[in-house]
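Text of final30.cif (mmCIF, C-alpha atoms) as supplied:
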data_coords
loop_
_atom_site.label_atom_id
_atom_site.label_comp_id
_atom_site.auth_asym_id
_atom_site.auth_seq_id
_atom_site.Cartn_x
_atom_site.Cartn_y
_atom_site.Cartn_z
CA MET N 1 -8.56 82.01 -30.95
CA LYS N 2 -12.17 81.54 -31.93
CA ILE N 3 -12.93 79.21 -34.84
CA TYR N 4 -16.39 79.23 -36.36
CA PHE N 5 -18.12 76.02 -37.44
CA ALA N 6 -20.56 76.82 -40.25
CA THR N 7 -23.36 74.26 -40.09
CA GLY N 8 -27.09 74.12 -39.58
CA ASN N 9 -26.64 71.20 -37.19
CA GLN N 10 -26.01 71.97 -33.51
CA ASN N 11 -25.29 68.26 -32.83
CA LYS N 12 -22.23 68.39 -35.04
CA VAL N 13 -20.90 71.36 -33.07
CA ASN N 14 -21.44 69.51 -29.78
CA GLU N 15 -19.69 66.41 -31.11
CA ALA N 16 -16.74 68.49 -32.33
CA ASN N 17 -16.50 70.31 -29.02
CA ILE N 18 -16.20 67.01 -27.15
CA ILE N 19 -13.29 65.99 -29.37
CA LEU N 20 -11.56 69.36 -29.20
CA LYS N 21 -12.00 69.59 -25.43
CA GLY N 22 -8.76 70.29 -23.61
CA LEU N 23 -7.20 71.99 -26.61
CA GLU N 24 -5.82 75.20 -25.20
CA GLY N 25 -6.05 78.48 -27.02
CA TYR N 26 -8.95 77.51 -29.28
CA GLU N 27 -12.69 77.80 -28.98
CA LEU N 28 -15.26 76.46 -31.44
CA GLU N 29 -18.39 78.51 -32.02
CA HIS N 30 -21.55 77.57 -33.91
CA LEU N 31 -22.16 79.77 -36.96
CA LYS N 32 -25.53 79.46 -38.65
CA ILE N 33 -24.79 80.86 -42.07
CA PRO N 34 -25.88 79.35 -45.37
CA TYR N 35 -23.31 78.76 -48.10
CA ALA N 36 -23.46 77.36 -51.60
CA GLU N 37 -22.60 73.69 -51.89
CA ILE N 38 -21.31 73.15 -55.40
CA GLN N 39 -21.56 70.00 -57.51
CA GLY N 40 -18.23 68.18 -57.27
CA THR N 41 -16.20 66.03 -54.91
CA LEU N 42 -16.54 66.43 -51.13
CA GLU N 43 -13.11 68.05 -51.20
CA GLU N 44 -14.21 70.63 -53.78
CA VAL N 45 -17.48 71.33 -51.93
CA SER N 46 -15.59 71.99 -48.68
CA LYS N 47 -12.90 74.15 -50.28
CA VAL N 48 -15.32 76.40 -52.12
CA GLY N 49 -17.68 76.58 -49.13
CA VAL N 50 -15.10 77.49 -46.52
CA LYS N 51 -13.61 80.20 -48.73
CA GLU N 52 -17.06 81.68 -49.39
CA ILE N 53 -17.78 81.94 -45.67
CA TYR N 54 -14.35 83.29 -44.80
CA ASN N 55 -14.85 86.03 -47.36
CA LYS N 56 -18.06 87.00 -45.58
CA ILE N 57 -16.89 86.91 -41.96
CA LYS N 58 -13.09 87.28 -42.22
CA LYS N 59 -12.58 84.93 -39.25
CA PRO N 60 -11.16 81.38 -39.08
CA VAL N 61 -13.90 78.95 -40.09
CA ILE N 62 -14.54 75.26 -40.73
CA VAL N 63 -17.17 73.42 -42.76
CA GLU N 64 -17.87 69.70 -42.78
CA ASP N 65 -19.29 67.49 -45.52
CA SER N 66 -19.79 63.73 -45.56
CA GLY N 67 -20.80 61.09 -48.07
CA PHE N 68 -21.37 57.37 -48.56
CA PHE N 69 -19.43 55.68 -51.37
CA ILE N 70 -20.29 52.26 -52.85
CA GLU N 71 -17.45 50.66 -54.81
CA SER N 72 -19.45 48.63 -57.35
CA LEU N 73 -21.52 51.75 -58.15
CA ASN N 74 -18.41 53.80 -58.96
CA GLY N 75 -18.64 55.71 -55.72
CA PHE N 76 -22.35 56.53 -56.01
CA PRO N 77 -24.04 58.24 -54.12
CA GLY N 78 -20.92 60.08 -52.86
CA THR N 79 -21.34 63.83 -52.64
CA TYR N 80 -25.05 63.47 -53.37
CA SER N 81 -25.75 61.07 -50.50
CA LYS N 82 -28.36 63.30 -48.90
CA TYR N 83 -30.26 63.82 -52.15
CA VAL N 84 -30.15 60.11 -53.01
CA GLN N 85 -31.32 59.15 -49.51
CA GLU N 86 -34.27 61.52 -49.92
CA THR N 87 -35.24 60.32 -53.39
CA LEU N 88 -34.25 56.63 -53.60
CA GLY N 89 -33.76 55.58 -49.99
CA ASN N 90 -32.09 52.42 -48.67
CA GLU N 91 -34.49 49.88 -50.19
CA LYS N 92 -33.64 51.09 -53.68
CA ILE N 93 -29.92 51.06 -52.83
CA LEU N 94 -30.26 47.38 -51.86
CA LYS N 95 -32.19 46.77 -55.10
CA LEU N 96 -29.27 48.27 -57.04
CA LEU N 97 -26.90 45.84 -55.27
CA LYS N 98 -29.10 42.76 -55.67
CA ASP N 99 -26.96 39.86 -56.95
CA GLU N 100 -23.86 42.05 -56.58
CA GLU N 101 -20.99 40.27 -54.86
CA ASN N 102 -18.80 43.33 -54.30
CA ARG N 103 -20.58 45.11 -51.47
CA LYS N 104 -17.62 47.25 -50.34
CA ALA N 105 -18.52 50.76 -49.21
CA TYR N 106 -17.18 53.55 -47.06
CA PHE N 107 -18.20 56.77 -45.37
CA LYS N 108 -15.99 59.82 -45.81
CA THR N 109 -15.96 63.14 -44.00
CA ILE N 110 -14.03 66.17 -45.17
CA ILE N 111 -13.48 69.11 -42.85
CA GLY N 112 -12.39 72.29 -44.60
CA TYR N 113 -10.53 74.95 -42.62
CA PHE N 114 -9.59 78.46 -43.76
CA ASP N 115 -8.18 81.35 -41.78
CA GLY N 116 -7.32 83.67 -44.64
CA ILE N 117 -3.83 82.18 -45.03
CA ASP N 118 -3.96 78.42 -44.46
CA LEU N 119 -6.54 76.37 -46.36
CA LYS N 120 -6.55 72.81 -45.04
CA LEU N 121 -8.69 69.72 -45.58
CA PHE N 122 -8.95 66.89 -43.02
CA ARG N 123 -10.26 63.50 -44.08
CA GLY N 124 -11.85 60.75 -42.02
CA GLU N 125 -13.02 57.45 -43.52
CA ILE N 126 -14.52 54.22 -42.31
CA PHE N 127 -14.54 51.16 -44.53
CA GLY N 128 -16.99 48.29 -44.54
CA SER N 129 -19.79 46.76 -46.61
CA VAL N 130 -23.42 47.15 -47.55
CA SER N 131 -25.66 44.71 -45.70
CA LYS N 132 -28.08 42.44 -47.58
CA GLU N 133 -31.02 43.92 -45.71
CA ILE N 134 -31.93 46.98 -43.68
CA LYS N 135 -31.01 46.41 -40.02
CA THR N 136 -31.57 48.88 -37.23
CA SER N 137 -32.07 48.99 -33.48
CA GLY N 138 -33.45 52.48 -33.82
CA PHE N 139 -30.11 54.28 -33.77
CA GLY N 140 -28.51 56.23 -36.58
CA PHE N 141 -29.98 57.72 -39.73
CA ALA N 142 -29.66 57.66 -43.52
CA TYR N 143 -27.26 54.90 -44.68
CA ASP N 144 -26.44 53.72 -41.13
CA SER N 145 -28.96 50.88 -41.34
CA ILE N 146 -27.28 49.31 -44.40
CA PHE N 147 -23.61 49.82 -43.48
CA ILE N 148 -21.55 47.22 -41.58
CA PRO N 149 -18.11 48.51 -40.57
CA GLU N 150 -15.13 46.21 -41.21
CA GLY N 151 -14.58 43.75 -38.37
CA GLN N 152 -18.11 44.21 -37.03
CA ASN N 153 -21.21 42.07 -37.39
CA LYS N 154 -23.81 44.75 -36.97
CA THR N 155 -24.80 47.89 -38.86
CA PHE N 156 -24.12 51.44 -37.71
CA ALA N 157 -27.83 51.68 -36.88
CA GLU N 158 -27.60 48.67 -34.55
CA MET N 159 -24.84 50.36 -32.53
CA THR N 160 -25.45 52.86 -29.77
CA THR N 161 -24.58 56.45 -30.55
CA LYS N 162 -21.42 56.08 -28.45
CA GLU N 163 -20.33 52.82 -30.13
CA LYS N 164 -20.76 54.42 -33.53
CA SER N 165 -19.17 57.76 -32.75
CA ASP N 166 -16.10 56.04 -31.26
CA ILE N 167 -15.20 54.71 -34.69
CA SER N 168 -16.90 57.21 -36.98
CA HIS N 169 -15.40 58.90 -40.02
CA ARG N 170 -16.47 62.28 -38.65
CA LYS N 171 -14.60 61.69 -35.39
CA LEU N 172 -11.46 60.70 -37.25
CA ALA N 173 -11.54 63.87 -39.32
CA PHE N 174 -11.98 65.99 -36.20
CA TYR N 175 -9.03 64.23 -34.53
CA LYS N 176 -6.87 65.18 -37.50
CA PHE N 177 -8.11 68.73 -37.26
CA LYS N 178 -7.27 68.75 -33.56
CA SER N 179 -3.73 67.52 -34.26
CA TYR N 180 -3.30 70.29 -36.80
CA LEU N 181 -4.36 72.94 -34.28
CA GLU N 182 -2.02 71.44 -31.67
CA SER N 183 0.87 71.62 -34.11
CA LYS N 184 0.06 75.27 -34.83
CA VAL N 185 0.17 76.17 -31.15
CA LYS N 186 3.56 74.54 -30.64
CA MET L 1 -26.96 93.27 -78.90
CA LYS L 2 -24.56 90.47 -78.20
CA ILE L 3 -25.66 87.74 -75.77
CA TYR L 4 -23.07 85.31 -74.45
CA PHE L 5 -23.87 81.60 -74.04
CA ALA L 6 -21.67 80.19 -71.27
CA THR L 7 -21.16 76.51 -72.02
CA GLY L 8 -18.34 74.09 -72.74
CA ASN L 9 -20.38 72.58 -75.55
CA GLN L 10 -20.13 74.15 -79.01
CA ASN L 11 -22.98 71.94 -80.29
CA LYS L 12 -25.41 73.64 -77.92
CA VAL L 13 -24.41 77.03 -79.28
CA ASN L 14 -24.93 75.83 -82.85
CA GLU L 15 -28.36 74.41 -81.98
CA ALA L 16 -29.37 77.65 -80.27
CA ASN L 17 -28.18 79.72 -83.19
CA ILE L 18 -30.38 77.73 -85.58
CA ILE L 19 -33.43 78.44 -83.41
CA LEU L 20 -32.60 82.12 -82.92
CA LYS L 21 -31.86 82.62 -86.62
CA GLY L 22 -33.77 85.51 -88.11
CA LEU L 23 -34.09 87.30 -84.79
CA GLU L 24 -33.04 90.85 -85.56
CA GLY L 25 -30.88 92.85 -83.22
CA TYR L 26 -29.42 89.91 -81.33
CA GLU L 27 -26.34 87.79 -81.78
CA LEU L 28 -25.38 84.74 -79.71
CA GLU L 29 -21.71 84.19 -78.94
CA HIS L 30 -20.03 81.17 -77.43
CA LEU L 31 -18.34 81.93 -74.09
CA LYS L 32 -16.07 79.26 -72.67
CA ILE L 33 -15.97 80.23 -69.04
CA PRO L 34 -16.32 77.86 -66.10
CA TYR L 35 -18.86 78.61 -63.38
CA ALA L 36 -19.89 76.88 -60.18
CA GLU L 37 -22.91 74.61 -60.49
CA ILE L 38 -24.47 74.44 -57.04
CA GLN L 39 -26.41 71.55 -55.53
CA GLY L 40 -30.10 72.35 -55.87
CA THR L 41 -32.89 72.43 -58.46
CA LEU L 42 -32.14 73.14 -62.13
CA GLU L 43 -33.74 76.54 -61.58
CA GLU L 44 -31.41 77.35 -58.68
CA VAL L 45 -28.35 76.10 -60.56
CA SER L 46 -29.15 78.34 -63.54
CA LYS L 47 -29.95 81.41 -61.45
CA VAL L 48 -26.78 81.26 -59.39
CA GLY L 49 -24.65 80.38 -62.41
CA VAL L 50 -25.88 83.13 -64.69
CA LYS L 51 -25.45 85.77 -61.98
CA GLU L 52 -21.90 84.57 -61.26
CA ILE L 53 -20.93 84.91 -64.90
CA TYR L 54 -22.65 88.26 -65.36
CA ASN L 55 -20.68 89.58 -62.39
CA LYS L 56 -17.49 88.55 -64.16
CA ILE L 57 -18.19 89.82 -67.67
CA LYS L 58 -20.90 92.49 -67.15
CA LYS L 59 -22.58 91.52 -70.41
CA PRO L 60 -25.92 89.80 -71.13
CA VAL L 61 -25.42 86.06 -70.71
CA ILE L 62 -27.33 82.77 -70.75
CA VAL L 63 -26.62 79.37 -69.20
CA GLU L 64 -28.46 76.13 -69.84
CA ASP L 65 -28.94 73.11 -67.61
CA SER L 66 -30.97 69.96 -68.24
CA GLY L 67 -32.04 66.90 -66.27
CA PHE L 68 -34.00 63.67 -66.48
CA PHE L 69 -36.75 63.16 -63.90
CA ILE L 70 -38.37 59.79 -63.05
CA GLU L 71 -41.70 60.08 -61.24
CA SER L 72 -41.60 56.85 -59.20
CA LEU L 73 -38.08 57.74 -57.99
CA ASN L 74 -39.21 61.13 -56.66
CA GLY L 75 -37.62 62.98 -59.54
CA PHE L 76 -34.27 61.18 -59.35
CA PRO L 77 -31.76 61.70 -61.00
CA GLY L 78 -32.92 65.28 -61.75
CA THR L 79 -30.17 67.88 -61.34
CA TYR L 80 -27.61 65.12 -60.90
CA SER L 81 -28.41 63.35 -64.20
CA LYS L 82 -24.89 63.64 -65.53
CA TYR L 83 -23.28 62.26 -62.36
CA VAL L 84 -25.80 59.40 -62.15
CA GLN L 85 -25.30 58.54 -65.81
CA GLU L 86 -21.54 58.37 -65.21
CA THR L 87 -21.77 56.27 -62.04
CA LEU L 88 -24.88 54.08 -62.41
CA GLY L 89 -25.71 54.22 -66.10
CA ASN L 90 -28.91 53.11 -67.84
CA GLU L 91 -28.79 49.42 -66.91
CA LYS L 92 -28.88 50.30 -63.23
CA ILE L 93 -31.72 52.77 -63.84
CA LEU L 94 -33.72 49.95 -65.44
CA LYS L 95 -32.84 47.71 -62.47
CA LEU L 96 -34.27 50.37 -60.13
CA LEU L 97 -37.50 50.35 -62.15
CA LYS L 98 -37.80 46.57 -62.41
CA ASP L 99 -41.38 45.52 -61.52
CA GLU L 100 -42.34 49.21 -61.33
CA GLU L 101 -45.56 49.99 -63.16
CA ASN L 102 -45.28 53.77 -63.05
CA ARG L 103 -42.60 54.47 -65.65
CA LYS L 104 -43.43 58.14 -66.23
CA ALA L 105 -40.43 60.40 -66.79
CA TYR L 106 -39.53 63.72 -68.37
CA PHE L 107 -36.62 65.77 -69.53
CA LYS L 108 -36.41 69.40 -68.47
CA THR L 109 -34.19 72.22 -69.67
CA ILE L 110 -33.81 75.53 -67.89
CA ILE L 111 -32.21 78.48 -69.64
CA GLY L 112 -31.13 81.27 -67.32
CA TYR L 113 -30.73 84.79 -68.73
CA PHE L 114 -29.31 87.83 -66.94
CA ASP L 115 -28.42 91.24 -68.33
CA GLY L 116 -27.80 93.04 -65.04
CA ILE L 117 -31.45 94.09 -64.74
CA ASP L 118 -33.70 91.29 -65.94
CA LEU L 119 -33.15 87.77 -64.56
CA LYS L 120 -35.30 85.29 -66.48
CA LEU L 121 -35.68 81.53 -66.60
CA PHE L 122 -37.11 79.68 -69.60
CA ARG L 123 -38.34 76.10 -69.22
CA GLY L 124 -38.73 73.37 -71.80
CA GLU L 125 -40.04 69.90 -70.97
CA ILE L 126 -40.85 66.70 -72.79
CA PHE L 127 -42.94 64.02 -71.11
CA GLY L 128 -42.88 60.29 -71.72
CA SER L 129 -41.86 57.03 -70.11
CA VAL L 130 -38.86 54.85 -69.33
CA SER L 131 -38.58 51.90 -71.71
CA LYS L 132 -38.27 48.33 -70.40
CA GLU L 133 -34.95 47.90 -72.12
CA ILE L 134 -32.17 49.96 -73.66
CA LYS L 135 -33.00 50.72 -77.30
CA THR L 136 -30.80 52.67 -79.66
CA SER L 137 -30.10 53.08 -83.36
CA GLY L 138 -26.85 54.76 -82.51
CA PHE L 139 -28.27 58.26 -82.05
CA GLY L 140 -28.46 60.26 -78.85
CA PHE L 141 -26.58 59.93 -75.59
CA ALA L 142 -27.13 59.47 -71.86
CA TYR L 143 -30.79 58.72 -71.05
CA ASP L 144 -31.92 58.94 -74.70
CA SER L 145 -31.81 55.16 -75.12
CA ILE L 146 -34.32 54.53 -72.30
CA PHE L 147 -36.75 57.42 -72.90
CA ILE L 148 -39.85 57.08 -75.10
CA PRO L 149 -41.62 60.42 -75.67
CA GLU L 150 -45.41 60.48 -75.27
CA GLY L 151 -47.21 59.45 -78.45
CA GLN L 152 -44.12 57.77 -79.88
CA ASN L 153 -43.10 54.13 -80.08
CA LYS L 154 -39.37 54.57 -80.18
CA THR L 155 -36.76 55.97 -77.83
CA PHE L 156 -34.95 59.28 -78.34
CA ALA L 157 -31.90 57.23 -79.30
CA GLU L 158 -33.81 55.50 -82.09
CA MET L 159 -34.73 58.85 -83.65
CA THR L 160 -32.50 60.82 -85.97
CA THR L 161 -30.92 63.94 -84.54
CA LYS L 162 -33.43 66.01 -86.49
CA GLU L 163 -36.47 63.99 -85.34
CA LYS L 164 -35.35 64.35 -81.75
CA SER L 165 -34.40 67.99 -81.83
CA ASP L 166 -37.73 68.91 -83.43
CA ILE L 167 -39.51 67.91 -80.23
CA SER L 168 -36.77 68.33 -77.64
CA HIS L 169 -37.04 70.04 -74.28
CA ARG L 170 -33.97 72.14 -75.09
CA LYS L 171 -35.55 73.41 -78.30
CA LEU L 172 -38.73 74.36 -76.45
CA ALA L 173 -36.79 76.35 -73.89
CA PHE L 174 -34.89 78.18 -76.63
CA TYR L 175 -38.15 79.02 -78.41
CA LYS L 176 -39.43 80.63 -75.22
CA PHE L 177 -36.18 82.54 -74.91
CA LYS L 178 -36.57 83.69 -78.50
CA SER L 179 -40.13 84.92 -77.85
CA TYR L 180 -38.86 86.86 -74.86
CA LEU L 181 -36.18 88.57 -76.93
CA GLU L 182 -38.73 89.38 -79.64
CA SER L 183 -41.02 90.95 -77.05
CA LYS L 184 -38.12 93.07 -75.79
CA VAL L 185 -37.42 94.43 -79.24
CA LYS L 186 -41.03 95.41 -79.81
#

Please rewrite the model in this file as structure tokens.
Amino acid sequence: MKIYFATGNQNKVNEANIILKGLEGYELEHLKIPYAEIQGTLEEVSKVGVKEIYNKIKKPVIVEDSGFFIESLNGFPGTYSKYVQETLGNEKILKLLKDEENRKAYFKTIIGYFDGIDLKLFRGEIFGSVSKEIKTSGFGFAYDSIFIPEGQNKTFAEMTTKEKSDISHRKLAFYKFKSYLESKVK
Amino acid sequence: MKIYFATGNQNKVNEANIILKGLEGYELEHLKIPYAEIQGTLEEVSKVGVKEIYNKIKKPVIVEDSGFFIESLNGFPGTYSKYVQETLGNEKILKLLKDEENRKAYFKTIIGYFDGIDLKLFRGEIFGSVSKEIKTSGFGFAYDSIFIPEGQNKTFAEMTTKEKSDISHRKLAFYKFKSYLESKVK
């Protein structure tokens, strides 16, 4: 069965294909189709988006949405992480957290799947903290240079792409999606 | 002709009715119907929203969306003003602007109108600056207590409801909408 991955980002499709490799009976195909992202939680955005696309193509489809959540800022920037990165950027995020002791934060990915009958959401999270300063070795993007995963002493942006993707929220969500597909086959 | 105002807020309908008073041939009616607010500019949110509702009710309809835009923060919080007010709040906004000399900001309202043929947007803006501290006399809400309109020495939240609404962005947008309706009648 072919499942379409609606995203503008070919890298995400490649990453997903690596995880889903070896899964018999399923094939993931890149679908470049725009869809409306609503204002709401990641879960709501994914649900509404995947239904919109299914209604257009009438084939099994997934969408993926991720966000960065800072505990002392009530989950800000959350769903609007991309917008906030583009307007405020990491320096202003650190300014917001100046003198703040609670630096807990997490990344969350939601994958939404719909095949006309089953509507499923798969969640992947990684917990950690916001660093006191921007730290990067040139890897990563967006919030990666201010996020230190739990049990680590360097930021996402100081890790190689492989080191990061081994523990990433997105990978976790795709593993859950893979398990779901495996259970469907059986 | 009856025009529906899709909003959860009865006060907005009352305010609009005061402005539209005396306009012959038109009547504004409150419509409590939810619609998806997409991620995008205020203009995009209004366009998509008003079309969605028209497709449901097939009657002339308006929606209204407003935001607060800070120049030195690249327009942040803009479309996401409500979310940012709920998560960060005004103290954190002032923290972001600490030591910032450019304190220019504005409120913008967009009214979207669609009657199945004509799709129109009406804009109202008020320019001013972000105060150095939160100032209120108990009036207003959200960003009102940190916004000083141009040519004034007090914040929106230090003005009476009448003082504020006489110069408000929302009022301006409704006046433009009124002019449009008048021109249609003629």

Can you translate the PyMOL selection byres ((chain N) within 7 of (chain L)) into the concrete residues it hits in this file, as an MDAnalysis selection string?
chainID N and resid 36:39 73:74 76 87:88 92 95:96

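Going from CA of Ile110 in chain L to CA of Arg123 in chain L covers 4.8 Å.
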
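Applied to this file, the PyMOL selection byres ((chain L and resi 173) around 8) selects the residues Thr109, Ile110, Ile111, Phe122, Arg123, Gly124, Glu125, His169, Arg170, Lys171, Leu172, Phe174, Tyr175, Lys176 and Phe177 of chain L.
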
Distance cut-off 6 Å, centre (-20.7, 75.1, -39.1) in file coordinates, counting only C-alpha atoms: which residues qualify? Return them as a VMD selection string.
chain N and resid 5 to 7 30 to 31 63

List the neighbours of range 138-150 of chain L out to 10 Å using only C-alpha atoms; skip same-chain residues closer than 4 positions along the sequence, and give me the result as a PDB file with C-alpha atoms, in the coordinates of the input.
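Written file, result30.pdb:
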ATOM      1  CA  GLY L  67     -32.040  66.900 -66.270  1.00  0.00           C
ATOM      2  CA  PHE L  68     -34.000  63.670 -66.480  1.00  0.00           C
ATOM      3  CA  SER L  81     -28.410  63.350 -64.200  1.00  0.00           C
ATOM      4  CA  LYS L  82     -24.890  63.640 -65.530  1.00  0.00           C
ATOM      5  CA  VAL L  84     -25.800  59.400 -62.150  1.00  0.00           C
ATOM      6  CA  GLN L  85     -25.300  58.540 -65.810  1.00  0.00           C
ATOM      7  CA  GLU L  86     -21.540  58.370 -65.210  1.00  0.00           C
ATOM      8  CA  GLY L  89     -25.710  54.220 -66.100  1.00  0.00           C
ATOM      9  CA  ASN L  90     -28.910  53.110 -67.840  1.00  0.00           C
ATOM     10  CA  GLU L  91     -28.790  49.420 -66.910  1.00  0.00           C
ATOM     11  CA  ILE L  93     -31.720  52.770 -63.840  1.00  0.00           C
ATOM     12  CA  LEU L  94     -33.720  49.950 -65.440  1.00  0.00           C
ATOM     13  CA  ARG L 103     -42.600  54.470 -65.650  1.00  0.00           C
ATOM     14  CA  LYS L 104     -43.430  58.140 -66.230  1.00  0.00           C
ATOM     15  CA  ALA L 105     -40.430  60.400 -66.790  1.00  0.00           C
ATOM     16  CA  TYR L 106     -39.530  63.720 -68.370  1.00  0.00           C
ATOM     17  CA  PHE L 107     -36.620  65.770 -69.530  1.00  0.00           C
ATOM     18  CA  ILE L 126     -40.850  66.700 -72.790  1.00  0.00           C
ATOM     19  CA  PHE L 127     -42.940  64.020 -71.110  1.00  0.00           C
ATOM     20  CA  GLY L 128     -42.880  60.290 -71.720  1.00  0.00           C
ATOM     21  CA  SER L 129     -41.860  57.030 -70.110  1.00  0.00           C
ATOM     22  CA  VAL L 130     -38.860  54.850 -69.330  1.00  0.00           C
ATOM     23  CA  SER L 131     -38.580  51.900 -71.710  1.00  0.00           C
ATOM     24  CA  LYS L 132     -38.270  48.330 -70.400  1.00  0.00           C
ATOM     25  CA  GLU L 133     -34.950  47.900 -72.120  1.00  0.00           C
ATOM     26  CA  ILE L 134     -32.170  49.960 -73.660  1.00  0.00           C
ATOM     27  CA  LYS L 154     -39.370  54.570 -80.180  1.00  0.00           C
ATOM     28  CA  THR L 155     -36.760  55.970 -77.830  1.00  0.00           C
ATOM     29  CA  PHE L 156     -34.950  59.280 -78.340  1.00  0.00           C
ATOM     30  CA  ALA L 157     -31.900  57.230 -79.300  1.00  0.00           C
ATOM     31  CA  GLU L 158     -33.810  55.500 -82.090  1.00  0.00           C
ATOM     32  CA  MET L 159     -34.730  58.850 -83.650  1.00  0.00           C
ATOM     33  CA  THR L 160     -32.500  60.820 -85.970  1.00  0.00           C
ATOM     34  CA  THR L 161     -30.920  63.940 -84.540  1.00  0.00           C
ATOM     35  CA  LYS L 164     -35.350  64.350 -81.750  1.00  0.00           C
ATOM     36  CA  ILE L 167     -39.510  67.910 -80.230  1.00  0.00           C
ATOM     37  CA  SER L 168     -36.770  68.330 -77.640  1.00  0.00           C
TER      38      SER L 168
END

Quick one: apply the PyMOL selection byres ((chain L and resi 51-62) around 6) to the file and drop the selected residues here as a VMD selection string.
chain L and resid 3 to 5 48 to 50 63 112 to 115

Nearest-residue call for Lys178 in chain L, choices L:Glu43, L:Leu23, L:Met1, L:Asn9, using all atoms listed in the file
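The answer is L:Leu23, which sits nearest to Lys178 in chain L.
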
Pairwise distance, CA of Leu20 in chain L with CA of Leu121 in chain L, equals 16.6 Å

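Residue nearest Thr41 in chain N, chosen from N:Thr136, N:Ser165, N:Ser66, N:Gln152 and counting all atoms listed in the file: N:Ser66.
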
For CA of Gly25 in chain N and CA of Leu181 in chain N, quote the distance in Å rounded to one decimal.
9.3 Å

Ranking L:Gly116, L:Ser179, L:Lys108, L:Gly8 by minimum distance to Pro34 in chain L and counting only C-alpha atoms, which one comes first?
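Checking each of L:Gly116, L:Ser179, L:Lys108, L:Gly8 against Pro34 in chain L, counting only C-alpha atoms, the winner is L:Gly8.
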
Using the atoms already present, construct N, CA and C atoms for range 55-67 of chain N and hand them back as a PDB file, in the frame of the given file.
ATOM      1  N   ASN N  55     -14.756  84.724 -46.693  1.00  0.00           N
ATOM      2  CA  ASN N  55     -14.850  86.030 -47.360  1.00  0.00           C
ATOM      3  C   ASN N  55     -15.971  86.897 -46.798  1.00  0.00           C
ATOM      4  N   LYS N  56     -16.968  86.231 -46.196  1.00  0.00           N
ATOM      5  CA  LYS N  56     -18.060  87.000 -45.580  1.00  0.00           C
ATOM      6  C   LYS N  56     -17.698  87.470 -44.182  1.00  0.00           C
ATOM      7  N   ILE N  57     -17.082  86.585 -43.384  1.00  0.00           N
ATOM      8  CA  ILE N  57     -16.890  86.910 -41.960  1.00  0.00           C
ATOM      9  C   ILE N  57     -15.461  87.299 -41.596  1.00  0.00           C
ATOM     10  N   LYS N  58     -14.508  86.945 -42.450  1.00  0.00           N
ATOM     11  CA  LYS N  58     -13.090  87.280 -42.220  1.00  0.00           C
ATOM     12  C   LYS N  58     -12.568  86.763 -40.873  1.00  0.00           C
ATOM     13  N   LYS N  59     -13.041  85.587 -40.479  1.00  0.00           N
ATOM     14  CA  LYS N  59     -12.580  84.930 -39.250  1.00  0.00           C
ATOM     15  C   LYS N  59     -12.301  83.462 -39.589  1.00  0.00           C
ATOM     16  N   PRO N  60     -11.429  82.801 -38.839  1.00  0.00           N
ATOM     17  CA  PRO N  60     -11.160  81.380 -39.080  1.00  0.00           C
ATOM     18  C   PRO N  60     -12.450  80.557 -39.023  1.00  0.00           C
ATOM     19  N   VAL N  61     -12.620  79.670 -39.986  1.00  0.00           N
ATOM     20  CA  VAL N  61     -13.900  78.950 -40.090  1.00  0.00           C
ATOM     21  C   VAL N  61     -13.670  77.526 -40.598  1.00  0.00           C
ATOM     22  N   ILE N  62     -14.528  76.606 -40.160  1.00  0.00           N
ATOM     23  CA  ILE N  62     -14.540  75.260 -40.730  1.00  0.00           C
ATOM     24  C   ILE N  62     -15.929  74.908 -41.263  1.00  0.00           C
ATOM     25  N   VAL N  63     -15.931  74.040 -42.279  1.00  0.00           N
ATOM     26  CA  VAL N  63     -17.170  73.420 -42.760  1.00  0.00           C
ATOM     27  C   VAL N  63     -16.927  71.915 -42.768  1.00  0.00           C
ATOM     28  N   GLU N  64     -18.010  71.160 -42.796  1.00  0.00           N
ATOM     29  CA  GLU N  64     -17.870  69.700 -42.780  1.00  0.00           C
ATOM     30  C   GLU N  64     -18.846  69.125 -43.800  1.00  0.00           C
ATOM     31  N   ASP N  65     -18.393  68.143 -44.573  1.00  0.00           N
ATOM     32  CA  ASP N  65     -19.290  67.490 -45.520  1.00  0.00           C
ATOM     33  C   ASP N  65     -18.964  66.000 -45.556  1.00  0.00           C
ATOM     34  N   SER N  66     -20.002  65.177 -45.589  1.00  0.00           N
ATOM     35  CA  SER N  66     -19.790  63.730 -45.560  1.00  0.00           C
ATOM     36  C   SER N  66     -20.563  63.049 -46.687  1.00  0.00           C
ATOM     37  N   GLY N  67     -20.106  61.848 -47.040  1.00  0.00           N
ATOM     38  CA  GLY N  67     -20.800  61.090 -48.070  1.00  0.00           C
ATOM     39  C   GLY N  67     -20.591  59.605 -47.900  1.00  0.00           C
TER      40      GLY N  67
END
